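Structure file final-v5.cif (mmCIF, C-alpha atoms) is printed below.
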data_start
#
loop_
_atom_site.label_atom_id
_atom_site.label_comp_id
_atom_site.auth_asym_id
_atom_site.auth_seq_id
_atom_site.Cartn_x
_atom_site.Cartn_y
_atom_site.Cartn_z
CA MET Z 1 0.00 0.00 0.00
CA PRO Z 2 1.57 3.33 -1.01
CA ASP Z 3 1.93 5.89 1.75
CA THR Z 4 -0.83 8.49 1.57
CA GLN Z 5 0.37 10.92 4.26
CA PHE Z 6 1.05 13.58 1.64
CA GLY Z 7 -1.62 12.67 -0.90
CA PRO Z 8 -1.29 10.83 -4.23
CA LYS Z 9 1.65 12.94 -5.41
CA GLY Z 10 3.56 12.34 -2.18
CA TRP Z 11 5.85 14.90 -0.57
CA THR Z 12 7.20 17.55 -2.93
CA PRO Z 13 9.22 20.73 -2.29
CA GLU Z 14 6.02 22.71 -2.85
CA ARG Z 15 5.29 21.95 0.82
CA LEU Z 16 8.31 23.97 1.93
CA GLY Z 17 7.76 27.36 3.51
CA ASP Z 18 10.29 30.13 3.99
CA LEU Z 19 13.52 28.67 5.42
CA GLU Z 20 15.31 31.97 6.03
CA GLY Z 21 17.27 31.83 9.29
CA ARG Z 22 17.77 28.07 9.12
CA THR Z 23 21.09 26.37 8.48
CA TYR Z 24 21.58 22.95 6.94
CA ILE Z 25 24.77 20.94 6.63
CA ILE Z 26 24.98 18.36 3.85
CA THR Z 27 27.81 15.92 3.28
CA GLY Z 28 28.64 15.08 -0.33
CA ALA Z 29 26.82 18.09 -1.72
CA ASN Z 30 28.82 19.13 -4.76
CA ALA Z 31 27.00 16.67 -7.08
CA GLY Z 32 24.01 14.36 -7.31
CA ALA Z 33 21.24 14.31 -4.72
CA GLY Z 34 23.25 16.38 -2.22
CA PHE Z 35 23.69 19.18 -4.76
CA GLN Z 36 20.00 19.08 -5.65
CA ALA Z 37 19.03 19.19 -1.97
CA THR Z 38 21.27 22.23 -1.58
CA ARG Z 39 19.52 23.92 -4.51
CA THR Z 40 16.07 23.27 -3.03
CA LEU Z 41 17.02 24.63 0.40
CA LEU Z 42 18.74 27.73 -1.02
CA LYS Z 43 15.69 28.42 -3.16
CA LYS Z 44 13.69 28.74 0.07
CA GLY Z 45 16.17 31.13 1.69
CA ALA Z 46 18.09 28.70 3.90
CA SER Z 47 21.82 28.77 4.61
CA VAL Z 48 23.69 25.66 3.48
CA VAL Z 49 27.14 24.41 4.40
CA MET Z 50 28.39 21.69 2.09
CA MET Z 51 30.93 19.21 3.43
CA ASN Z 52 32.82 17.75 0.48
CA ARG Z 53 36.07 15.92 -0.16
CA SER Z 54 37.18 18.08 -3.11
CA GLU Z 55 37.93 21.76 -2.57
CA GLU Z 56 38.04 22.34 -6.33
CA LYS Z 57 34.62 20.76 -6.96
CA SER Z 58 33.21 22.59 -3.93
CA LYS Z 59 34.30 25.96 -5.28
CA ALA Z 60 32.76 25.11 -8.65
CA ALA Z 61 29.50 24.08 -6.95
CA VAL Z 62 29.36 27.27 -4.87
CA SER Z 63 30.01 29.33 -8.02
CA ALA Z 64 27.21 27.55 -9.91
CA LEU Z 65 24.77 28.01 -7.02
CA LYS Z 66 25.55 31.73 -6.65
CA GLN Z 67 25.11 32.12 -10.38
CA GLU Z 68 21.69 30.51 -10.11
CA PHE Z 69 20.46 32.14 -6.90
CA GLY Z 70 22.47 35.35 -6.77
CA ALA Z 71 25.65 36.47 -5.03
CA GLN Z 72 23.70 36.82 -1.78
CA ALA Z 73 22.96 33.06 -1.63
CA ASP Z 74 24.30 31.85 1.72
CA VAL Z 75 26.25 28.75 0.70
CA GLY Z 76 29.75 27.67 1.60
CA PHE Z 77 31.76 24.54 2.18
CA VAL Z 78 34.09 22.78 4.57
CA VAL Z 79 36.53 20.19 3.24
CA LEU Z 80 35.69 16.76 4.65
CA ASP Z 81 37.07 13.33 3.76
CA LEU Z 82 34.84 10.84 5.54
CA ALA Z 83 37.40 8.10 4.87
CA SER Z 84 39.84 9.82 7.26
CA LEU Z 85 38.88 10.14 10.92
CA ALA Z 86 41.46 12.93 11.29
CA SER Z 87 39.76 14.82 8.46
CA VAL Z 88 36.36 14.31 10.11
CA ARG Z 89 37.68 15.75 13.36
CA ALA Z 90 39.27 18.75 11.62
CA ALA Z 91 36.11 19.42 9.57
CA ALA Z 92 33.88 19.18 12.64
CA ALA Z 93 36.14 21.62 14.49
CA GLU Z 94 35.84 24.05 11.57
CA VAL Z 95 32.04 23.74 11.62
CA LEU Z 96 31.87 24.32 15.37
CA LYS Z 97 34.01 27.42 14.92
CA THR Z 98 32.03 28.91 12.02
CA VAL Z 99 28.45 27.55 12.11
CA PRO Z 100 26.52 28.71 15.18
CA GLN Z 101 23.33 26.81 14.39
CA ILE Z 102 22.58 23.44 12.78
CA ASP Z 103 18.91 22.86 11.97
CA ALA Z 104 19.76 19.58 10.27
CA LEU Z 105 22.86 17.57 9.48
CA ILE Z 106 22.13 15.53 6.35
CA CYS Z 107 24.47 12.52 6.06
CA ASN Z 108 24.24 12.22 2.28
CA ALA Z 109 27.78 11.39 1.12
CA ALA Z 110 28.66 7.82 0.21
CA ILE Z 111 30.87 5.62 -1.90
CA ALA Z 112 29.51 2.50 -3.56
CA GLN Z 113 30.43 -0.69 -5.39
CA VAL Z 114 34.18 -0.40 -4.80
CA PRO Z 115 35.33 -3.33 -6.99
CA THR Z 116 38.14 -4.70 -4.83
CA GLN Z 117 38.75 -4.43 -1.12
CA LYS Z 118 40.32 -1.14 -0.08
CA LEU Z 119 41.09 0.11 3.40
CA THR Z 120 40.83 3.65 4.72
CA VAL Z 121 43.87 5.38 6.20
CA ASP Z 122 42.55 4.19 9.58
CA GLY Z 123 42.48 0.57 8.45
CA HIS Z 124 38.73 0.12 7.89
CA GLU Z 125 37.01 -1.37 4.85
CA SER Z 126 36.50 1.66 2.62
CA MET Z 127 32.70 1.67 2.24
CA LEU Z 128 32.01 0.92 5.91
CA GLY Z 129 34.70 3.41 6.92
CA THR Z 130 33.37 6.19 4.70
CA ASN Z 131 29.62 5.66 4.79
CA HIS Z 132 29.22 4.60 8.41
CA TYR Z 133 32.23 5.29 10.64
CA GLY Z 134 32.88 8.72 9.13
CA HIS Z 135 29.29 9.83 9.64
CA PHE Z 136 29.09 8.19 13.09
CA LEU Z 137 32.02 10.33 14.23
CA LEU Z 138 30.81 13.50 12.49
CA CYS Z 139 27.36 13.26 14.06
CA GLY Z 140 28.90 12.66 17.48
CA LEU Z 141 31.23 15.64 17.21
CA LEU Z 142 28.43 17.96 16.06
CA TYR Z 143 25.73 16.54 18.33
CA GLU Z 144 25.83 19.25 21.01
CA ARG Z 145 25.49 22.01 18.41
CA ILE Z 146 22.57 20.15 16.80
CA GLU Z 147 20.93 19.66 20.21
CA ALA Z 148 21.39 23.34 21.10
CA SER Z 149 19.64 24.20 17.81
CA LYS Z 150 16.87 21.63 18.45
CA GLY Z 151 17.94 20.22 15.11
CA ARG Z 152 17.80 16.94 13.25
CA ILE Z 153 20.11 14.24 11.98
CA VAL Z 154 19.11 12.77 8.62
CA VAL Z 155 20.80 9.55 7.51
CA VAL Z 156 20.59 8.83 3.79
CA SER Z 157 20.70 5.07 3.39
CA SER Z 158 19.83 2.79 0.48
CA LEU Z 159 17.45 -0.04 -0.38
CA GLY Z 160 20.66 -2.04 -0.49
CA TYR Z 161 20.28 -2.49 3.29
CA ASN Z 162 17.80 -5.25 2.40
CA MET Z 163 19.90 -6.84 -0.35
CA GLY Z 164 22.92 -8.03 1.61
CA ILE Z 165 23.39 -10.44 4.52
CA LYS Z 166 20.84 -8.56 6.68
CA THR Z 167 23.06 -8.37 9.74
CA ILE Z 168 26.52 -7.10 10.66
CA GLN Z 169 29.48 -9.39 10.00
CA PHE Z 170 31.16 -8.74 13.34
CA ASP Z 171 33.74 -11.53 12.96
CA ASP Z 172 35.17 -9.89 9.82
CA MET Z 173 34.26 -6.21 9.67
CA ASN Z 174 36.75 -5.58 6.87
CA TRP Z 175 35.42 -8.45 4.73
CA ASP Z 176 38.89 -9.98 4.38
CA GLU Z 177 37.40 -13.41 3.66
CA ASN Z 178 34.37 -12.69 1.48
CA TYR Z 179 34.66 -9.18 0.05
CA HIS Z 180 32.01 -8.41 -2.56
CA GLN Z 181 31.40 -4.97 -4.06
CA ASN Z 182 27.62 -5.18 -3.64
CA ARG Z 183 27.17 -7.13 -0.41
CA THR Z 184 29.85 -5.13 1.36
CA TYR Z 185 28.24 -1.87 0.21
CA CYS Z 186 24.84 -3.13 1.42
CA GLN Z 187 26.41 -3.85 4.81
CA SER Z 188 27.63 -0.24 5.07
CA LYS Z 189 24.14 1.12 4.37
CA LEU Z 190 22.57 -1.26 6.90
CA ALA Z 191 25.14 -0.07 9.45
CA GLN Z 192 24.12 3.55 8.81
CA MET Z 193 20.46 2.73 9.46
CA MET Z 194 21.27 0.78 12.61
CA PHE Z 195 23.28 3.74 13.88
CA ALA Z 196 20.30 6.05 13.33
CA TYR Z 197 17.77 3.76 15.02
CA GLU Z 198 20.07 3.05 17.95
CA LEU Z 199 20.68 6.81 18.28
CA GLN Z 200 16.90 7.28 18.47
CA ASP Z 201 16.76 4.74 21.32
CA ARG Z 202 19.64 6.32 23.21
CA LEU Z 203 18.15 9.80 22.90
CA ALA Z 204 14.86 8.46 24.25
CA VAL Z 205 16.56 6.80 27.24
CA ALA Z 206 18.45 10.03 27.95
CA ASN Z 207 15.16 11.96 27.70
CA LYS Z 208 16.60 14.08 24.90
CA SER Z 209 13.61 14.95 22.76
CA ASP Z 210 15.15 18.06 21.17
CA VAL Z 211 17.06 16.07 18.51
CA GLU Z 212 15.10 14.09 15.94
CA VAL Z 213 16.71 11.39 13.79
CA TYR Z 214 15.33 10.27 10.43
CA VAL Z 215 16.33 7.70 7.82
CA CYS Z 216 15.60 7.95 4.11
CA HIS Z 217 16.83 6.70 0.77
CA PRO Z 218 16.83 8.23 -2.73
CA GLY Z 219 15.41 5.25 -4.59
CA ALA Z 220 17.00 4.50 -7.95
CA SER Z 221 18.26 7.94 -8.84
CA ARG Z 222 20.54 8.98 -11.67
CA THR Z 223 23.52 10.31 -9.75
CA SER Z 224 27.28 9.98 -10.16
CA LEU Z 225 27.60 7.72 -7.09
CA VAL Z 226 28.47 4.50 -8.91
CA GLN Z 227 30.52 6.30 -11.57
CA THR Z 228 33.01 7.54 -8.99
CA SER Z 229 34.09 4.20 -7.54
CA ALA Z 230 32.68 1.16 -9.41
CA ASN Z 231 34.37 -0.99 -12.04
CA LEU Z 232 33.59 -0.69 -15.75
CA ALA Z 233 31.04 -3.53 -15.88
CA THR Z 234 29.04 -2.04 -13.00
CA ARG Z 235 29.18 1.44 -14.52
CA VAL Z 236 27.89 0.10 -17.84
CA MET Z 237 25.07 -1.81 -16.10
CA PHE Z 238 23.96 1.32 -14.21
CA TRP Z 239 24.20 3.35 -17.42
CA PHE Z 240 21.71 0.99 -19.06
CA MET Z 241 19.48 1.03 -15.98
CA ALA Z 242 19.39 4.83 -16.13
CA LYS Z 243 17.58 4.54 -19.47
CA LEU Z 244 14.74 2.51 -17.92
CA PRO Z 245 11.60 3.82 -16.16
CA ILE Z 246 12.78 2.27 -12.86
CA THR Z 247 15.11 5.24 -12.35
CA GLN Z 248 14.45 8.89 -11.60
CA SER Z 249 16.32 12.18 -11.61
CA ALA Z 250 18.83 13.17 -8.94
CA GLU Z 251 16.49 16.05 -8.07
CA LYS Z 252 13.65 13.67 -7.21
CA GLY Z 253 16.14 11.46 -5.42
CA SER Z 254 16.95 14.42 -3.16
CA TRP Z 255 13.37 15.00 -2.05
CA PRO Z 256 13.36 12.39 0.78
CA GLU Z 257 16.37 13.97 2.50
CA VAL Z 258 14.96 17.48 2.15
CA MET Z 259 11.64 16.26 3.55
CA CYS Z 260 13.33 14.58 6.53
CA ALA Z 261 15.30 17.76 7.22
CA THR Z 262 12.29 20.08 7.17
CA GLU Z 263 8.87 18.39 7.45
CA ASP Z 264 7.02 18.16 10.78
CA GLY Z 265 4.96 15.18 11.86
CA LEU Z 266 7.23 12.42 10.53
CA GLU Z 267 7.79 9.10 12.30
CA GLN Z 268 11.32 8.49 13.47
CA ARG Z 269 11.32 4.67 13.41
CA ALA Z 270 10.61 4.62 9.69
CA LEU Z 271 12.25 4.62 6.27
CA TYR Z 272 11.26 7.41 3.89
CA GLY Z 273 11.70 7.41 0.14
CA PRO Z 274 9.87 6.70 -3.12
CA THR Z 275 6.73 4.59 -2.70
CA GLY Z 276 6.11 3.60 -6.34
CA ARG Z 277 7.45 0.69 -8.38
CA MET Z 278 9.65 -1.48 -6.11
CA GLU Z 279 10.10 1.72 -4.06
CA PHE Z 280 12.72 2.71 -6.65
CA VAL Z 281 10.66 5.63 -7.97
CA GLY Z 282 7.36 7.36 -7.34
CA PRO Z 283 5.72 9.61 -4.77
CA VAL Z 284 7.82 10.30 -1.68
CA GLY Z 285 6.46 9.01 1.61
CA LYS Z 286 6.95 6.30 4.21
CA GLY Z 287 8.21 3.08 2.66
CA THR Z 288 8.83 -0.46 3.86
CA LEU Z 289 11.15 -0.91 6.83
CA HIS Z 290 12.28 -4.48 7.44
CA PRO Z 291 12.82 -5.49 11.09
CA HIS Z 292 16.43 -6.64 10.65
CA ALA Z 293 17.36 -2.95 10.28
CA TYR Z 294 16.55 -2.36 13.95
CA ASP Z 295 17.58 -5.68 15.54
CA LYS Z 296 18.36 -4.38 19.01
CA SER Z 297 21.20 -6.70 20.01
CA VAL Z 298 22.98 -6.06 16.70
CA MET Z 299 22.46 -2.28 16.95
CA VAL Z 300 23.95 -2.20 20.46
CA LYS Z 301 26.98 -4.23 19.44
CA LEU Z 302 27.51 -2.13 16.31
CA TRP Z 303 27.41 1.04 18.42
CA GLU Z 304 30.11 -0.34 20.70
CA VAL Z 305 32.24 -1.48 17.76
CA SER Z 306 31.79 1.93 16.11
CA GLU Z 307 32.89 3.83 19.22
CA GLU Z 308 36.00 1.67 19.40
CA ALA Z 309 36.73 2.01 15.67
CA THR Z 310 36.40 5.80 15.73
CA GLY Z 311 37.90 6.40 19.16
CA PHE Z 312 34.86 8.46 20.06
CA THR Z 313 32.40 7.97 22.90
CA TRP Z 314 29.01 9.66 22.56
CA ARG Z 315 27.83 11.72 25.57
CA PHE Z 316 24.17 12.60 26.06
#

Is it possible to express this structure as structure tokens?
Amino acid sequence: MPDTQFGPKGWTPERLGDLEGRTYIITGANAGAGFQATRTLLKKGASVVMMNRSEEKSKAAVSALKQEFGAQADVGFVVLDLASLASVRAAAAEVLKTVPQIDALICNAAIAQVPTQKLTVDGHESMLGTNHYGHFLLCGLLYERIEASKGRIVVVSSLGYNMGIKTIQFDDMNWDENYHQNRTYCQSKLAQMMFAYELQDRLAVANKSDVEVYVCHPGASRTSLVQTSANLATRVMFWFMAKLPITQSAEKGSWPEVMCATEDGLEQRALYGPTGRMEFVGPVGKGTLHPHAYDKSVMVKLWEVSEEATGFTWRF
């Protein structure tokens, strides 16, 4: 049954009011869904801080956005490499120094379908290290600022969470024995969701209702995600898929994260995204959330493993 909370057309940016005075931080925002989310928020008068790996691409993105929305558009960037915990710490320090208010931190950046096993500079499997550990640490370092702003954390996951082994491979977190570009990626996206749902639980136990945490996915959107890290065969396959009606534009793929960053009355223990064919495309609303994504014992263990891996202990 498609979600009907927002009517037959689902959630669209037409629901957005004036966002002047609000500040949003988006990781991986110089292309794809993150860039489109930035455009939508700027259009409504918000301030946006992009956190991107490439300074050159960030400057080009800022230039393009100011050309579109005017020199007065309040958009900037902080260099962030989620694959380096030192970079995450330095970027978070820069944000805390320069961004007094965070209405939402949108964890949008990701790498996908890395063809052969690679490790981050900290020794973690690259997709888990970038997609999960990097964001886990960033959210923890910025949490107090988000709480002071009564803000939100939005985790952008993927339907891939339901296409892998459906739990966390604790005995081999780096996938030394059975590395697979798809299953290992799916594990990283499941880990991101488990982090978000466990964070919800921990905030509830600590009686911290000022921070809301949401999980969404972009469906099958035509972005550069796979093109940046996958092998040739995978890139060709996704190129063909992009020609089919089971994919949608990067702009539509950005709508779930914008909705989760701005819309009131959403459920936290939910997964938001397209609700049409296979939940790849279609009207944005509440989709299907499978119970393995919030298996409590696994979430608790993953949290502990993540604190150890990042050297960071969350305080509430």

Requested in this report: For Thr116 in chain Z, work out the shell of residues within 9 Å, counting all atoms listed in the file and skipping chain neighbours fewer than 2 positions away, then give it as a PyMOL selection string.
Outcome: chain Z and resi 113-114+118+179-181+231

Requested in this report: Can you work out the spacing between CA of Leu203 in chain Z and CA of Met51 in chain Z in Å, to one decimal?
Outcome: 25.1 Å

Requested in this report: Mind giving me the straight-line distance from CA of Lys252 in chain Z to CA of Asn52 in chain Z in Å, one decimal?
Outcome: 21.1 Å

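Going from CA of Ala110 in chain Z over to CA of Ala31 in chain Z, you cover 11.6 Å.
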
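Closest approach to Ala191 in chain Z among Z:Ser149, Z:Thr98, Z:Ser221, Z:Ser306 is made by Z:Ser306 (distances from all atoms listed in the file).
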
Query raised in the report: Got a sec to resolve the PyMOL selection byres ((chain Z and resi 274-282) around 10) on this structure and send the residues as an MDAnalysis selection string?
Result: chainID Z and resid 1:4 8:11 159 216:221 245:249 252:253 255:256 271:273 283:288

**Report entry** Among the residues Z:Ser54, Z:Gln101, Z:Ser84, Z:Ser254, the one that comes closest to Thr23 in chain Z [using all atoms listed in the file]
**Finding:** Z:Gln101

Query raised in the report: So which one's closest to Asp176 in chain Z, Z:Gly160, Z:Gly123, Z:Gly140, Z:Gly265? Using all atoms listed in the file, please.
Result: Z:Gly123

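Nearest to Arg145 in chain Z of all the residues Z:Met173, Z:Val121, Z:Leu199, Z:Ile102 is Z:Ile102, counting all atoms listed in the file.
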
Report task. Please identify all polymer residues within 12 Å of Glu308 in chain Z, counting all atoms listed in the file, omitting same-chain residues fewer than 5 positions from it, and present them as a count of residues only. Result -> 9

Name the residues in contact with Asp74 in chain Z at a cut-off of 8 Å, using all atoms listed in the file, excluding same-chain residues fewer than 3 positions from it; report them as a PDB file with C-alpha atoms, in the frame of the given file.
ATOM      1  CA  LEU Z  42      18.740  27.730  -1.020  1.00  0.00           C
ATOM      2  CA  ALA Z  46      18.090  28.700   3.900  1.00  0.00           C
ATOM      3  CA  SER Z  47      21.820  28.770   4.610  1.00  0.00           C
ATOM      4  CA  VAL Z  48      23.690  25.660   3.480  1.00  0.00           C
TER       5      VAL Z  48
END

Query raised in the report: Neighbours of Lys150 in chain Z within 8 Å (all atoms listed in the file; same-chain residues fewer than 6 positions away dropped), as JSON, numbers by chain?
Result: {"Z": [103, 210, 211]}

Query raised in the report: Could you spell out the hits of the PyMOL selection byres ((chain Z and resi 175) around 12) on the shown file, as a count of residues only?
Result: 28
